[in-house]
Amino acid sequence: MVEAHGLVKYFGSVKALDNFEMSVRKNTVHGLVGPNGSGKSTIIRILSADLKPDSGDVTILGVPVSSVREIRSMVSLVPELSAIPDRQSPKKIFEKAGRSARLHREEIQYRISVLSEILELDSLLDRNAGELSLGMRRRLCLGLSLIKDSSVLLMDGSLAELDPGFCVKFMEVIREQNDKTVVLTANNMSVIDRVCDGVTIIRDGTTLLNESVMSIRHKIGKPAVTIKVSPINRAKLEAALRQQMYVNNLYTGEDSIIVEVDDIIHIPVVIRHAAAHTEIYEARQTMTGIEDLYHTFIGS
């Protein structure tokens, strides 16, 4: 669907991309992750036909990005917050975007109705955008990118300021349509782990890994158990688990504990150990997320 091979891009004497490689399957959500300055935004700009690589090949649905007019009809880039005029309402902003996409009036109104429900902006359509919270303005940006119903959605940091629950729900809606491919950049590895089907890890403009999330988990994912427990004796339980030789890592959340173990056979032992210390509300087997892999490549 999206193929990038041997991409090289210079900005003056700075090499932003160094033989970058990426492959994204059709109708999937693909995460592009790496430290600041690694080249993520440069790749998004190239995919949107806003920037030309110095060398290498990039195609979207078989169309080279050098075919600018055709690519821009297929691709939609989520705008920056600065593109949102403070003194216009979301409804007016949506209508203007619909007219720019050459949609009929009835189609524009229908899409505004659908998008405002998905983005939970129904009650805010007639307020000035400048009065909205940062998160709601981000949602408005998402809506603008979806007005023209493109096949490919490019999101460069567009999930910032959005709560993880909304991000997951929004991506589920996109997936249900089964006609969109999403390439996004984000710093929240937990969100990447929950919403992406594939991931590319980049550092200094070079691809370190490009695989499906499922493949990554099968190869290096570590078995773990997520336990929701009573706050009573929780601290003692955590201390006791940390002393067990079969426990590799312990991650504590507001109401749950993730216990990473050497082998899946140790999960029932962890559950029994926890039950001996406090009341267990829920226990489920999981795999540790992609964040561990990211830190393996990039460092903490």
# chains A, B, ... in the order shown; residues from 1 in each chain; ligands from 1
>>> residues_around(residues="Pro231 (chain A)", least_positions_apart="3", cutoff="10 Å", atoms="only C-alpha atoms", output="count of residues only")
10
>>> residues_around(residues="region 19-35 of chain A", least_positions_apart="4", cutoff="8 Å", atoms="only C-alpha atoms", output="ChimeraX atom specification")
/A:1-8,40,56,171,175,178-187,192,195-203,205-207,210,298
>>> write_last_selection(atoms="N, CA and C atoms", output="JSON list (two decimals), in the first residue's frame")
[["chain", "number", "residue", "atom", "x", "y", "z"],
["A", 1, "MET", "N", 0.84, -1.19, 0.00],
["A", 1, "MET", "CA", 0.00, 0.00, 0.00],
["A", 1, "MET", "C", 0.88, 1.25, 0.00],
["A", 2, "VAL", "N", 1.66, 1.44, 1.10],
["A", 2, "VAL", "CA", 2.65, 2.51, 1.16],
["A", 2, "VAL", "C", 4.02, 1.86, 1.20],
["A", 3, "GLU", "N", 4.84, 2.18, 0.22],
["A", 3, "GLU", "CA", 6.17, 1.59, 0.13],
["A", 3, "GLU", "C", 7.21, 2.69, 0.00],
["A", 4, "ALA", "N", 8.22, 2.65, 0.86],
["A", 4, "ALA", "CA", 9.33, 3.60, 0.80],
["A", 4, "ALA", "C", 10.63, 2.81, 0.85],
["A", 5, "HIS", "N", 11.47, 3.03, -0.14],
["A", 5, "HIS", "CA", 12.72, 2.25, -0.23],
["A", 5, "HIS", "C", 13.90, 3.16, -0.55],
["A", 6, "GLY", "N", 14.94, 3.04, 0.26],
["A", 6, "GLY", "CA", 16.19, 3.76, 0.02],
["A", 6, "GLY", "C", 16.06, 5.26, 0.07],
["A", 7, "LEU", "N", 15.17, 5.78, 0.91],
["A", 7, "LEU", "CA", 14.96, 7.23, 0.95],
["A", 7, "LEU", "C", 16.15, 7.96, 1.57],
["A", 8, "VAL", "N", 16.58, 8.98, 0.86],
["A", 8, "VAL", "CA", 17.64, 9.86, 1.36],
["A", 8, "VAL", "C", 17.15, 11.30, 1.21],
["A", 40, "LYS", "N", 10.90, 11.59, 11.43],
["A", 40, "LYS", "CA", 9.50, 11.20, 11.31],
["A", 40, "LYS", "C", 8.68, 12.21, 10.50],
["A", 56, "GLY", "N", 15.71, 7.67, -3.80],
["A", 56, "GLY", "CA", 14.85, 6.62, -3.27],
["A", 56, "GLY", "C", 13.48, 6.63, -3.92],
["A", 171, "MET", "N", -9.62, 5.22, 16.57],
["A", 171, "MET", "CA", -8.99, 4.30, 15.62],
["A", 171, "MET", "C", -9.88, 3.10, 15.32],
["A", 175, "ARG", "N", -10.97, 1.88, 11.66],
["A", 175, "ARG", "CA", -10.80, 0.49, 11.21],
["A", 175, "ARG", "C", -12.11, -0.10, 10.68],
["A", 178, "ASN", "N", -12.87, 0.13, 7.10],
["A", 178, "ASN", "CA", -12.12, -0.82, 6.27],
["A", 178, "ASN", "C", -11.75, -0.26, 4.90],
["A", 179, "ASP", "N", -11.52, 1.06, 4.83],
["A", 179, "ASP", "CA", -11.12, 1.65, 3.55],
["A", 179, "ASP", "C", -10.08, 2.74, 3.73],
["A", 180, "LYS", "N", -9.42, 2.74, 4.91],
["A", 180, "LYS", "CA", -8.43, 3.77, 5.17],
["A", 180, "LYS", "C", -7.14, 3.16, 5.70],
["A", 181, "THR", "N", -6.04, 3.72, 5.24],
["A", 181, "THR", "CA", -4.72, 3.37, 5.76],
["A", 181, "THR", "C", -4.21, 4.59, 6.52],
["A", 182, "VAL", "N", -3.76, 4.36, 7.75],
["A", 182, "VAL", "CA", -3.31, 5.46, 8.60],
["A", 182, "VAL", "C", -1.81, 5.30, 8.89],
["A", 183, "VAL", "N", -1.06, 6.37, 8.68],
["A", 183, "VAL", "CA", 0.35, 6.42, 9.10],
["A", 183, "VAL", "C", 0.45, 7.55, 10.11],
["A", 184, "LEU", "N", 0.87, 7.23, 11.32],
["A", 184, "LEU", "CA", 0.90, 8.24, 12.37],
["A", 184, "LEU", "C", 2.23, 8.24, 13.11],
["A", 185, "THR", "N", 2.58, 9.39, 13.63],
["A", 185, "THR", "CA", 3.72, 9.51, 14.53],
["A", 185, "THR", "C", 3.18, 9.84, 15.91],
["A", 186, "ALA", "N", 3.84, 9.32, 16.92],
["A", 186, "ALA", "CA", 3.40, 9.58, 18.29],
["A", 186, "ALA", "C", 4.54, 9.27, 19.24],
["A", 187, "ASN", "N", 4.50, 9.91, 20.41],
["A", 187, "ASN", "CA", 5.51, 9.64, 21.44],
["A", 187, "ASN", "C", 4.96, 8.74, 22.54],
["A", 192, "ILE", "N", 0.55, 3.72, 20.82],
["A", 192, "ILE", "CA", 1.05, 3.02, 19.64],
["A", 192, "ILE", "C", 0.78, 1.52, 19.78],
["A", 195, "VAL", "N", -3.15, 0.87, 19.36],
["A", 195, "VAL", "CA", -3.92, 1.21, 18.17],
["A", 195, "VAL", "C", -3.28, 0.77, 16.86],
["A", 196, "CYS", "N", -1.99, 0.42, 16.87],
["A", 196, "CYS", "CA", -1.29, 0.16, 15.60],
["A", 196, "CYS", "C", -1.25, -1.32, 15.24],
["A", 197, "ASP", "N", -1.33, -1.58, 13.94],
["A", 197, "ASP", "CA", -1.16, -2.94, 13.41],
["A", 197, "ASP", "C", 0.30, -3.20, 13.03],
["A", 198, "GLY", "N", 1.01, -2.13, 12.68],
["A", 198, "GLY", "CA", 2.41, -2.25, 12.30],
["A", 198, "GLY", "C", 3.18, -1.07, 12.86],
["A", 199, "VAL", "N", 4.49, -1.21, 12.90],
["A", 199, "VAL", "CA", 5.31, -0.13, 13.45],
["A", 199, "VAL", "C", 6.66, -0.08, 12.74],
["A", 200, "THR", "N", 7.13, 1.14, 12.54],
["A", 200, "THR", "CA", 8.48, 1.38, 12.03],
["A", 200, "THR", "C", 9.22, 2.19, 13.07],
["A", 201, "ILE", "N", 10.36, 1.67, 13.51],
["A", 201, "ILE", "CA", 11.20, 2.40, 14.46],
["A", 201, "ILE", "C", 12.34, 3.02, 13.68],
["A", 202, "ILE", "N", 12.53, 4.32, 13.87],
["A", 202, "ILE", "CA", 13.54, 5.07, 13.13],
["A", 202, "ILE", "C", 14.45, 5.83, 14.08],
["A", 203, "ARG", "N", 15.73, 5.88, 13.72],
["A", 203, "ARG", "CA", 16.69, 6.67, 14.48],
["A", 203, "ARG", "C", 17.71, 7.25, 13.50],
["A", 205, "GLY", "N", 17.28, 8.94, 10.91],
["A", 205, "GLY", "CA", 16.87, 8.79, 9.52],
["A", 205, "GLY", "C", 16.98, 7.39, 8.97],
["A", 206, "THR", "N", 17.34, 6.43, 9.80],
["A", 206, "THR", "CA", 17.53, 5.05, 9.36],
["A", 206, "THR", "C", 16.52, 4.13, 10.02],
["A", 207, "THR", "N", 15.96, 3.19, 9.26],
["A", 207, "THR", "CA", 15.00, 2.24, 9.79],
["A", 207, "THR", "C", 15.70, 1.19, 10.64],
["A", 210, "ASN", "N", 10.83, -2.61, 10.91],
["A", 210, "ASN", "CA", 9.55, -2.37, 10.22],
["A", 210, "ASN", "C", 8.80, -3.69, 10.19],
["A", 298, "ILE", "N", 16.32, 2.30, 21.15],
["A", 298, "ILE", "CA", 16.57, 3.74, 21.27],
["A", 298, "ILE", "C", 17.26, 4.09, 22.59]]
>>> atom_distance(atom1="CA of Leu153 (chain A)", atom2="CA of Phe166 (chain A)")
17.4 Å
>>> closest_residue(among="A:Asp193, A:Glu107, A:Glu260, A:Asp204", to="Gly289 (chain A)", atoms="only C-alpha atoms")
A:Asp193
>>> select_by_dssp(residues="region 236-294 of chain A", states="helix (DSSP H, G or I)", output="count of residues only")
26
>>> atom_distance(atom1="CA of Met287 (chain A)", atom2="CA of Asn233 (chain A)")
25.5 Å
>>> residues_around(residues="Ser73 (chain A)", least_positions_apart="4", cutoff="9 Å", atoms="only C-alpha atoms", output="ChimeraX atom specification")
/A:68-69,148,150-151
>>> closest_residue(among="A:Ile227, A:Glu80, A:Tyr294, A:Lys236", to="Ile271 (chain A)", atoms="only C-alpha atoms")
A:Ile227
>>> residues_around(residues="Leu77 (chain A)", least_positions_apart="5", cutoff="10 Å", atoms="only C-alpha atoms", output="PyMOL selection string")
chain A and resi 44-45+47-48+72+141-142+144-146+150+152-156+158+183
>>> residues_around(residues="Tyr110 (chain A)", least_positions_apart="3", cutoff="12 Å", atoms="only C-alpha atoms", output="NGL selection string")
:A and (91 or 94-95 or 98 or 103-107 or 113-117 or 147)
>>> write_last_selection(atoms="N, CA, C and O atoms", output="mmCIF file, in the first residue's frame")
data_model
loop_
_atom_site.group_PDB
_atom_site.id
_atom_site.type_symbol
_atom_site.label_atom_id
_atom_site.label_comp_id
_atom_site.auth_asym_id
_atom_site.auth_seq_id
_atom_site.Cartn_x
_atom_site.Cartn_y
_atom_site.Cartn_z
ATOM 1 N N LYS A 91 -18.307 24.303 12.922
ATOM 2 C CA LYS A 91 -19.212 24.075 11.799
ATOM 3 C C LYS A 91 -18.772 24.861 10.565
ATOM 4 O O LYS A 91 -18.729 24.323 9.450
ATOM 5 N N PHE A 94 -15.566 23.348 9.150
ATOM 6 C CA PHE A 94 -15.865 22.123 8.405
ATOM 7 C C PHE A 94 -16.480 22.440 7.039
ATOM 8 O O PHE A 94 -16.142 21.830 6.021
ATOM 9 N N GLU A 95 -17.412 23.374 7.025
ATOM 10 C CA GLU A 95 -18.085 23.734 5.768
ATOM 11 C C GLU A 95 -17.084 24.276 4.746
ATOM 12 O O GLU A 95 -17.148 23.938 3.557
ATOM 13 N N GLY A 98 -15.124 21.422 3.374
ATOM 14 C CA GLY A 98 -15.948 20.644 2.444
ATOM 15 C C GLY A 98 -16.044 21.305 1.077
ATOM 16 O O GLY A 98 -15.979 20.635 0.038
ATOM 17 N N LEU A 103 -17.198 19.274 -2.415
ATOM 18 C CA LEU A 103 -18.322 18.420 -2.052
ATOM 19 C C LEU A 103 -19.622 19.203 -2.196
ATOM 20 O O LEU A 103 -19.651 20.423 -2.042
ATOM 21 N N HIS A 104 -20.707 18.493 -2.475
ATOM 22 C CA HIS A 104 -22.020 19.123 -2.529
ATOM 23 C C HIS A 104 -22.464 19.521 -1.123
ATOM 24 O O HIS A 104 -22.036 18.933 -0.126
ATOM 25 N N ARG A 105 -23.330 20.513 -1.050
ATOM 26 C CA ARG A 105 -23.776 21.043 0.238
ATOM 27 C C ARG A 105 -24.371 19.944 1.122
ATOM 28 O O ARG A 105 -24.086 19.873 2.320
ATOM 29 N N GLU A 106 -25.211 19.084 0.531
ATOM 30 C CA GLU A 106 -25.840 18.019 1.317
ATOM 31 C C GLU A 106 -24.808 17.045 1.868
ATOM 32 O O GLU A 106 -24.912 16.586 3.005
ATOM 33 N N GLU A 107 -23.786 16.745 1.035
ATOM 34 C CA GLU A 107 -22.724 15.833 1.475
ATOM 35 C C GLU A 107 -21.911 16.452 2.604
ATOM 36 O O GLU A 107 -21.545 15.769 3.564
ATOM 37 N N SER A 113 -22.249 16.055 10.338
ATOM 38 C CA SER A 113 -23.074 15.361 11.333
ATOM 39 C C SER A 113 -22.394 14.090 11.835
ATOM 40 O O SER A 113 -22.328 13.837 13.043
ATOM 41 N N VAL A 114 -21.853 13.308 10.902
ATOM 42 C CA VAL A 114 -21.198 12.043 11.264
ATOM 43 C C VAL A 114 -19.914 12.304 12.044
ATOM 44 O O VAL A 114 -19.664 11.704 13.098
ATOM 45 N N LEU A 115 -19.098 13.223 11.537
ATOM 46 C CA LEU A 115 -17.809 13.493 12.170
ATOM 47 C C LEU A 115 -17.964 14.119 13.558
ATOM 48 O O LEU A 115 -17.215 13.781 14.479
ATOM 49 N N SER A 116 -18.919 15.014 13.713
ATOM 50 C CA SER A 116 -19.103 15.648 15.019
ATOM 51 C C SER A 116 -19.522 14.630 16.074
ATOM 52 O O SER A 116 -19.163 14.754 17.251
ATOM 53 N N GLU A 117 -20.244 13.600 15.644
ATOM 54 C CA GLU A 117 -20.625 12.537 16.581
ATOM 55 C C GLU A 117 -19.421 11.676 16.931
ATOM 56 O O GLU A 117 -19.192 11.354 18.106
ATOM 57 N N ILE A 147 -12.838 15.113 6.157
ATOM 58 C CA ILE A 147 -13.932 15.675 5.363
ATOM 59 C C ILE A 147 -13.924 15.142 3.934
ATOM 60 O O ILE A 147 -14.958 14.785 3.374
#
>>> atom_distance(atom1="CA of Asn36 (chain A)", atom2="CA of Thr288 (chain A)")
24.1 Å
>>> closest_residue(among="A:Gln109, A:Gln244, A:Thr226, A:Ser67", to="Thr286 (chain A)", atoms="only C-alpha atoms")
A:Thr226
>>> closest_residue(among="A:His273, A:Arg217, A:Arg87, A:His266", to="Leu293 (chain A)", atoms="only C-alpha atoms")
A:Arg217
>>> decode(residues="region 96-237 of chain A", atoms="C-alpha atoms", output="short mmCIF file (atom, residue, chain, number, x, y, z; two decimals), in the first residue's frame")
data_model
loop_
_atom_site.label_atom_id
_atom_site.label_comp_id
_atom_site.auth_asym_id
_atom_site.auth_seq_id
_atom_site.Cartn_x
_atom_site.Cartn_y
_atom_site.Cartn_z
CA LYS A 96 -15.15 25.66 4.31
CA ALA A 97 -13.06 22.46 4.15
CA GLY A 98 -15.95 20.64 2.44
CA ARG A 99 -16.25 23.35 -0.20
CA SER A 100 -12.49 23.21 -0.79
CA ALA A 101 -12.87 19.47 -1.36
CA ARG A 102 -15.61 20.30 -3.91
CA LEU A 103 -18.32 18.42 -2.05
CA HIS A 104 -22.02 19.12 -2.53
CA ARG A 105 -23.78 21.04 0.24
CA GLU A 106 -25.84 18.02 1.32
CA GLU A 107 -22.72 15.83 1.48
CA ILE A 108 -20.91 18.42 3.56
CA GLN A 109 -23.74 18.62 6.10
CA TYR A 110 -23.97 14.82 6.28
CA ARG A 111 -20.24 14.47 6.91
CA ILE A 112 -20.28 17.21 9.54
CA SER A 113 -23.07 15.36 11.33
CA VAL A 114 -21.20 12.04 11.26
CA LEU A 115 -17.81 13.49 12.17
CA SER A 116 -19.10 15.65 15.02
CA GLU A 117 -20.63 12.54 16.58
CA ILE A 118 -17.44 10.47 16.15
CA LEU A 119 -15.29 13.28 17.53
CA GLU A 120 -17.81 14.15 20.27
CA LEU A 121 -18.03 17.75 19.08
CA ASP A 122 -21.84 17.86 18.70
CA SER A 123 -22.42 20.42 21.43
CA LEU A 124 -19.50 22.60 20.35
CA LEU A 125 -20.20 23.09 16.64
CA ASP A 126 -21.42 26.68 17.01
CA ARG A 127 -18.83 27.94 19.49
CA ASN A 128 -15.70 29.81 18.43
CA ALA A 129 -12.79 27.43 17.99
CA GLY A 130 -10.65 29.70 20.15
CA GLU A 131 -12.88 28.86 23.12
CA LEU A 132 -12.27 25.13 22.81
CA SER A 133 -9.77 23.17 24.88
CA LEU A 134 -6.53 22.00 23.28
CA GLY A 135 -7.84 18.45 23.08
CA MET A 136 -11.06 19.52 21.35
CA ARG A 137 -9.07 21.61 18.86
CA ARG A 138 -7.03 18.49 18.10
CA ARG A 139 -10.27 16.61 17.43
CA LEU A 140 -11.34 19.40 15.10
CA CYS A 141 -8.08 18.93 13.17
CA LEU A 142 -8.84 15.22 12.84
CA GLY A 143 -12.27 16.07 11.47
CA LEU A 144 -10.81 18.41 8.86
CA SER A 145 -8.59 15.64 7.53
CA LEU A 146 -11.58 13.30 7.19
CA ILE A 147 -13.93 15.67 5.36
CA LYS A 148 -12.72 14.67 1.90
CA ASP A 149 -12.70 10.93 2.75
CA SER A 150 -9.19 10.13 1.45
CA SER A 151 -7.76 6.61 1.26
CA VAL A 152 -4.66 7.49 3.29
CA LEU A 153 -4.62 9.51 6.51
CA LEU A 154 -1.32 11.02 7.67
CA MET A 155 -1.08 12.06 11.30
CA ASP A 156 2.09 13.79 12.47
CA GLY A 157 1.79 14.12 16.23
CA SER A 158 -1.97 14.50 15.84
CA LEU A 159 -2.74 12.34 18.89
CA ALA A 160 -0.98 14.76 21.26
CA GLU A 161 -3.25 16.25 23.95
CA LEU A 162 -5.84 13.52 23.31
CA ASP A 163 -6.66 11.05 26.05
CA PRO A 164 -5.67 7.43 25.24
CA GLY A 165 -9.25 6.17 25.59
CA PHE A 166 -10.47 8.51 22.87
CA CYS A 167 -7.50 7.61 20.63
CA VAL A 168 -8.33 3.91 20.83
CA LYS A 169 -12.04 4.53 20.19
CA PHE A 170 -11.30 6.84 17.26
CA MET A 171 -8.99 4.30 15.62
CA GLU A 172 -11.60 1.58 16.07
CA VAL A 173 -14.06 3.73 14.11
CA ILE A 174 -11.47 4.25 11.35
CA ARG A 175 -10.80 0.49 11.21
CA GLU A 176 -14.50 -0.34 10.98
CA GLN A 177 -14.71 1.60 7.70
CA ASN A 178 -12.12 -0.82 6.27
CA ASP A 179 -11.12 1.65 3.55
CA LYS A 180 -8.43 3.77 5.17
CA THR A 181 -4.72 3.37 5.76
CA VAL A 182 -3.31 5.46 8.60
CA VAL A 183 0.35 6.42 9.10
CA LEU A 184 0.90 8.24 12.37
CA THR A 185 3.72 9.51 14.53
CA ALA A 186 3.40 9.58 18.29
CA ASN A 187 5.51 9.64 21.44
CA ASN A 188 3.01 7.75 23.60
CA MET A 189 4.19 4.16 23.21
CA SER A 190 1.20 2.83 25.11
CA VAL A 191 -1.14 4.33 22.49
CA ILE A 192 1.05 3.02 19.64
CA ASP A 193 0.89 -0.45 21.20
CA ARG A 194 -2.90 -0.31 21.51
CA VAL A 195 -3.92 1.21 18.17
CA CYS A 196 -1.29 0.16 15.60
CA ASP A 197 -1.16 -2.94 13.41
CA GLY A 198 2.41 -2.25 12.30
CA VAL A 199 5.31 -0.13 13.45
CA THR A 200 8.48 1.38 12.03
CA ILE A 201 11.20 2.40 14.46
CA ILE A 202 13.54 5.07 13.13
CA ARG A 203 16.69 6.67 14.48
CA ASP A 204 18.90 9.24 12.72
CA GLY A 205 16.87 8.79 9.52
CA THR A 206 17.53 5.05 9.36
CA THR A 207 15.00 2.24 9.79
CA LEU A 208 15.77 0.00 12.74
CA LEU A 209 12.64 -2.13 12.46
CA ASN A 210 9.55 -2.37 10.22
CA GLU A 211 7.16 -5.14 11.20
CA SER A 212 3.62 -5.92 12.24
CA VAL A 213 2.90 -5.53 15.94
CA MET A 214 1.71 -9.14 16.05
CA SER A 215 5.00 -10.35 14.56
CA ILE A 216 6.96 -8.33 17.09
CA ARG A 217 5.01 -9.81 19.97
CA HIS A 218 5.52 -13.35 18.69
CA LYS A 219 9.25 -12.81 18.31
CA ILE A 220 10.22 -10.97 21.44
CA GLY A 221 7.06 -10.38 23.45
CA LYS A 222 7.41 -11.45 27.04
CA PRO A 223 4.61 -13.23 28.90
CA ALA A 224 2.93 -11.24 31.61
CA VAL A 225 -0.20 -11.12 33.73
CA THR A 226 -2.26 -8.01 34.48
CA ILE A 227 -3.88 -8.15 37.90
CA LYS A 228 -6.48 -5.77 39.30
CA VAL A 229 -6.26 -6.00 43.06
CA SER A 230 -7.62 -4.48 46.24
CA PRO A 231 -5.56 -1.56 47.64
CA ILE A 232 -5.37 -3.48 50.93
CA ASN A 233 -1.84 -4.94 51.35
CA ARG A 234 -1.00 -3.94 47.78
CA ALA A 235 2.36 -2.49 48.74
CA LYS A 236 3.30 -5.73 50.53
CA LEU A 237 2.22 -7.73 47.48
#
